[in-house]
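Working notes, beginning with the structure itself.
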Amino acid sequence: MKASDADILIIPGYTNSGPEHWQSRWQAKLSTARRVEQAEWAKPVREDWVARVVEEVEAATKPVVLVAHSLGVATAIHAVPHLGSKVAGAFLVAPPDVANPSIRPKHLMTFGPYPRDPLPFPSLLVASRNDPFGSYEHADDIANAWGSFIIDAGDSGHLNAESGHGPWPEGGMVFAQFLSRLKP
């Protein structure tokens, strides 16, 4: 599959992805990408965020590829039972451990725990060894439950602009390879 064959849904996490974040940069570069906008970025409500993802998938006119970061991963995973067959694949990056009581802000725990059912579409999860919001071991565990291929990003922090992953060309190459393996 090429990017032009898909509706690419960018699913940011808590407080949205700013202009320097790789998600925003990819959205600007990929003509078929659009952001799942949330009414409340700073006080996320799981049901509302999930409903927005479902609405965007239902509105898609091409096969959908989900591109989720951080709390967007939890949102996408909770939406899976409501997505039907339009999703061709999911590229999941830096999943926070939303069941960890030490996560801040505390209300992010309302997105946990993650469902552990295998995903009904191909998925790739990228995780860092020193992400302050979730351990690599946790990411590996949920990737295994979901049937996701996991990529070890080494010591890369939260894989966002603050950790030096604004342009994130390596991620772009991995995403392009992932896309090329999906069926339109």
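Chain identifiers are assigned as A, B, and so on, following the order in which chains appear in the structure tokens; residues are numbered from 1 within each chain, and ligands are numbered from 1 in order of appearance.
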Could you find all residues in stretch 31-85 of chain A that DSSP calls alpha helix (DSSP H) from the backbone, and write them as a count of residues only? 23
Contacts of stretch 176-184 of chain A at 8 Å or less, counting only C-alpha atoms, minus same-chain residues fewer than 4 places along, as a PyMOL selection string? chain A and resi 1-3+5-6+63+88-89+91+122+124+172
Neighbouring residues of A:Arg116 were defined as those with any atom within 9 Å, considering only C-alpha atoms; residues of the same chain fewer than 6 positions away were excluded. Please report them as a VMD selection string. chain A and resid 142 to 146
Compile a residue-level contact table for stretch 46-75 of chain A against stretch 149-158 of chain A at a cut-off of 12 Å, reporting for every qualifying residue the shortest atom pair and its distance in Å to one decimal, with only C-alpha atoms counted, rows ordered by chain and ascending number, as CSV.
```
residue,atom,partner,partner_atom,distance
A:His69,CA,A:His158,CA,9.3
A:Ser70,CA,A:His158,CA,8.0
A:Leu71,CA,A:His158,CA,11.4
```
Which residues of stretch 58-151 of chain A sit at most 6 Å from stretch 8-12 of chain A, using only C-alpha atoms? Give each one's shortest atom pair and distance in Å (one decimal place), in chain and ascending residue order, as CSV.
```
residue,atom,partner,partner_atom,distance
A:Val64,CA,A:Ile8,CA,5.8
A:Val65,CA,A:Ile8,CA,4.8
A:Leu66,CA,A:Leu9,CA,5.0
A:Val67,CA,A:Ile10,CA,4.9
A:Ala68,CA,A:Ile11,CA,4.5
A:His69,CA,A:Pro12,CA,5.4
A:Gly72,CA,A:Pro12,CA,5.0
```
Taking only C-alpha atoms into account, which of A:Ala161, A:Ala99, A:Ala139, A:Leu125 comes nearest A:Val174? A:Leu125
Per DSSP on the backbone, what are the strand (DSSP E or B) residues of chain A, as number ranges by chain? A: 7-11, 33-35, 64-69, 87-93, 123-127, 149-152
Produce a file of the selected residues containing N, CA, C and O atoms, as a compact mmCIF listing (two decimals), in the first residue's frame.
```
# COMPACT_ATOMS: atom_id res chain seq x y z
N ASP A 7 -6.44 6.37 3.94
CA ASP A 7 -6.78 7.51 4.79
C ASP A 7 -5.93 7.31 6.05
O ASP A 7 -6.12 6.33 6.79
N ILE A 8 -4.96 8.18 6.25
CA ILE A 8 -4.05 8.07 7.39
C ILE A 8 -4.59 8.95 8.51
O ILE A 8 -4.68 10.17 8.35
N LEU A 9 -4.96 8.32 9.61
CA LEU A 9 -5.52 9.06 10.74
C LEU A 9 -4.44 9.24 11.80
O LEU A 9 -3.95 8.28 12.38
N ILE A 10 -4.08 10.50 12.02
CA ILE A 10 -3.11 10.88 13.05
C ILE A 10 -3.88 11.00 14.36
O ILE A 10 -4.80 11.81 14.47
N ILE A 11 -3.48 10.21 15.35
CA ILE A 11 -4.16 10.20 16.65
C ILE A 11 -3.17 10.64 17.72
O ILE A 11 -2.41 9.82 18.25
N ALA A 33 -3.35 12.33 4.97
CA ALA A 33 -3.36 12.28 6.44
C ALA A 33 -4.24 13.39 7.01
O ALA A 33 -4.26 14.51 6.50
N ARG A 34 -4.95 13.03 8.05
CA ARG A 34 -5.71 14.04 8.80
C ARG A 34 -5.69 13.68 10.28
O ARG A 34 -5.58 12.52 10.65
N ARG A 35 -5.76 14.71 11.09
CA ARG A 35 -5.69 14.57 12.54
C ARG A 35 -7.07 14.30 13.11
O ARG A 35 -8.05 14.91 12.69
N VAL A 64 -8.08 2.57 6.13
CA VAL A 64 -7.55 3.46 7.16
C VAL A 64 -6.27 2.88 7.76
O VAL A 64 -6.19 1.69 8.05
N VAL A 65 -5.27 3.76 7.95
CA VAL A 65 -4.08 3.41 8.71
C VAL A 65 -4.03 4.36 9.89
O VAL A 65 -4.01 5.59 9.72
N LEU A 66 -4.05 3.80 11.08
CA LEU A 66 -3.99 4.59 12.32
C LEU A 66 -2.53 4.88 12.64
O LEU A 66 -1.70 3.97 12.60
N VAL A 67 -2.23 6.14 12.99
CA VAL A 67 -0.89 6.54 13.42
C VAL A 67 -1.05 7.21 14.78
O VAL A 67 -1.40 8.39 14.87
N ALA A 68 -0.85 6.42 15.83
CA ALA A 68 -1.15 6.89 17.19
C ALA A 68 0.12 7.06 18.01
O ALA A 68 1.05 6.26 17.91
N HIS A 69 0.12 8.11 18.83
CA HIS A 69 1.24 8.38 19.74
C HIS A 69 0.71 8.53 21.15
O HIS A 69 -0.32 9.19 21.38
N VAL A 87 -10.08 -0.57 8.91
CA VAL A 87 -8.69 -0.33 9.31
C VAL A 87 -7.79 -1.38 8.68
O VAL A 87 -7.97 -2.58 8.86
N ALA A 88 -6.80 -0.90 7.93
CA ALA A 88 -5.84 -1.78 7.27
C ALA A 88 -4.62 -2.05 8.14
O ALA A 88 -3.93 -3.05 7.96
N GLY A 89 -4.34 -1.13 9.08
CA GLY A 89 -3.18 -1.31 9.94
C GLY A 89 -3.05 -0.19 10.95
O GLY A 89 -3.72 0.84 10.84
N ALA A 90 -2.17 -0.40 11.94
CA ALA A 90 -1.94 0.61 12.98
C ALA A 90 -0.46 0.72 13.28
O ALA A 90 0.23 -0.29 13.47
N PHE A 91 0.02 1.96 13.30
CA PHE A 91 1.41 2.29 13.64
C PHE A 91 1.32 2.96 15.01
O PHE A 91 0.80 4.08 15.13
N LEU A 92 1.78 2.29 16.04
CA LEU A 92 1.57 2.70 17.43
C LEU A 92 2.92 3.07 18.06
O LEU A 92 3.85 2.27 18.02
N VAL A 93 3.00 4.26 18.64
CA VAL A 93 4.28 4.76 19.13
C VAL A 93 4.17 5.23 20.58
O VAL A 93 3.28 6.01 20.93
N SER A 123 -0.22 -4.58 12.88
CA SER A 123 0.17 -3.44 13.70
C SER A 123 1.65 -3.51 14.04
O SER A 123 2.24 -4.59 14.11
N LEU A 124 2.21 -2.33 14.23
CA LEU A 124 3.61 -2.20 14.59
C LEU A 124 3.67 -1.23 15.76
O LEU A 124 3.02 -0.18 15.73
N LEU A 125 4.40 -1.61 16.80
CA LEU A 125 4.52 -0.77 17.99
C LEU A 125 5.99 -0.38 18.16
O LEU A 125 6.86 -1.25 18.13
N VAL A 126 6.25 0.91 18.30
CA VAL A 126 7.61 1.42 18.52
C VAL A 126 7.70 1.87 19.98
O VAL A 126 6.87 2.68 20.43
N ALA A 127 8.67 1.34 20.71
CA ALA A 127 8.81 1.69 22.12
C ALA A 127 10.26 1.97 22.47
O ALA A 127 11.18 1.38 21.90
N PHE A 149 4.02 -6.32 15.92
CA PHE A 149 5.47 -6.39 15.79
C PHE A 149 6.02 -5.22 16.59
O PHE A 149 5.52 -4.10 16.49
N ILE A 150 7.02 -5.45 17.43
CA ILE A 150 7.57 -4.35 18.25
C ILE A 150 8.96 -3.99 17.75
O ILE A 150 9.75 -4.86 17.38
N ILE A 151 9.21 -2.69 17.73
CA ILE A 151 10.53 -2.17 17.38
C ILE A 151 11.11 -1.49 18.61
O ILE A 151 10.48 -0.61 19.21
N ASP A 152 12.31 -1.91 18.97
CA ASP A 152 13.03 -1.36 20.11
C ASP A 152 13.74 -0.09 19.64
O ASP A 152 14.68 -0.15 18.84
```
Closest pair table for stretch 1-93 of chain A residues within 9 Å of stretch 163-168 of chain A, only C-alpha atoms, as JSON lines:
```
{"residue": "A:Pro19", "atom": "CA", "partner": "A:Gly166", "partner_atom": "CA", "distance": 8.7}
{"residue": "A:Glu20", "atom": "CA", "partner": "A:Gly166", "partner_atom": "CA", "distance": 5.2}
{"residue": "A:His21", "atom": "CA", "partner": "A:Gly166", "partner_atom": "CA", "distance": 4.6}
{"residue": "A:Trp22", "atom": "CA", "partner": "A:Gly166", "partner_atom": "CA", "distance": 4.7}
{"residue": "A:Gln23", "atom": "CA", "partner": "A:Gly166", "partner_atom": "CA", "distance": 8.4}
{"residue": "A:Ser24", "atom": "CA", "partner": "A:Gly166", "partner_atom": "CA", "distance": 8.8}
{"residue": "A:Arg25", "atom": "CA", "partner": "A:Pro167", "partner_atom": "CA", "distance": 6.7}
{"residue": "A:Trp26", "atom": "CA", "partner": "A:Pro167", "partner_atom": "CA", "distance": 8.3}
```
Same residues, C-alpha atoms, output as a PDB file, in the first residue's frame:
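After the write, result.pdb holds the following:
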```
ATOM      1  CA  PRO A  19       3.938  21.826  15.248  1.00  0.00           C
ATOM      2  CA  GLU A  20       7.424  20.341  15.829  1.00  0.00           C
ATOM      3  CA  HIS A  21       6.126  16.858  16.701  1.00  0.00           C
ATOM      4  CA  TRP A  22       6.697  14.137  14.118  1.00  0.00           C
ATOM      5  CA  GLN A  23       2.933  13.531  13.877  1.00  0.00           C
ATOM      6  CA  SER A  24       2.325  17.136  12.815  1.00  0.00           C
ATOM      7  CA  ARG A  25       5.200  16.984  10.345  1.00  0.00           C
ATOM      8  CA  TRP A  26       3.927  13.732   8.841  1.00  0.00           C
TER       9      TRP A  26
END
```
Quick one: which stretch 11-123 of chain A residues come within 10 Å of stretch 131-134 of chain A, and what is the nearest atom pair for each with the distance in Å to one decimal, counting only C-alpha atoms, rows ordered by chain and ascending number, as a Markdown table?
```
| residue | atom | partner | partner_atom | distance |
| --- | --- | --- | --- | --- |
| A:Ser70 | CA | A:Phe133 | CA | 8.4 |
| A:Leu71 | CA | A:Phe133 | CA | 9.9 |
| A:Ala94 | CA | A:Asp131 | CA | 7.3 |
| A:Pro95 | CA | A:Gly134 | CA | 6.6 |
| A:Pro96 | CA | A:Gly134 | CA | 4.6 |
| A:Asp97 | CA | A:Gly134 | CA | 4.7 |
| A:Val98 | CA | A:Gly134 | CA | 8.1 |
| A:Ala99 | CA | A:Gly134 | CA | 9.8 |
| A:Asn100 | CA | A:Gly134 | CA | 8.4 |
| A:Ser102 | CA | A:Phe133 | CA | 9.3 |
| A:Ile103 | CA | A:Phe133 | CA | 6.8 |
| A:Arg104 | CA | A:Phe133 | CA | 8.5 |
```
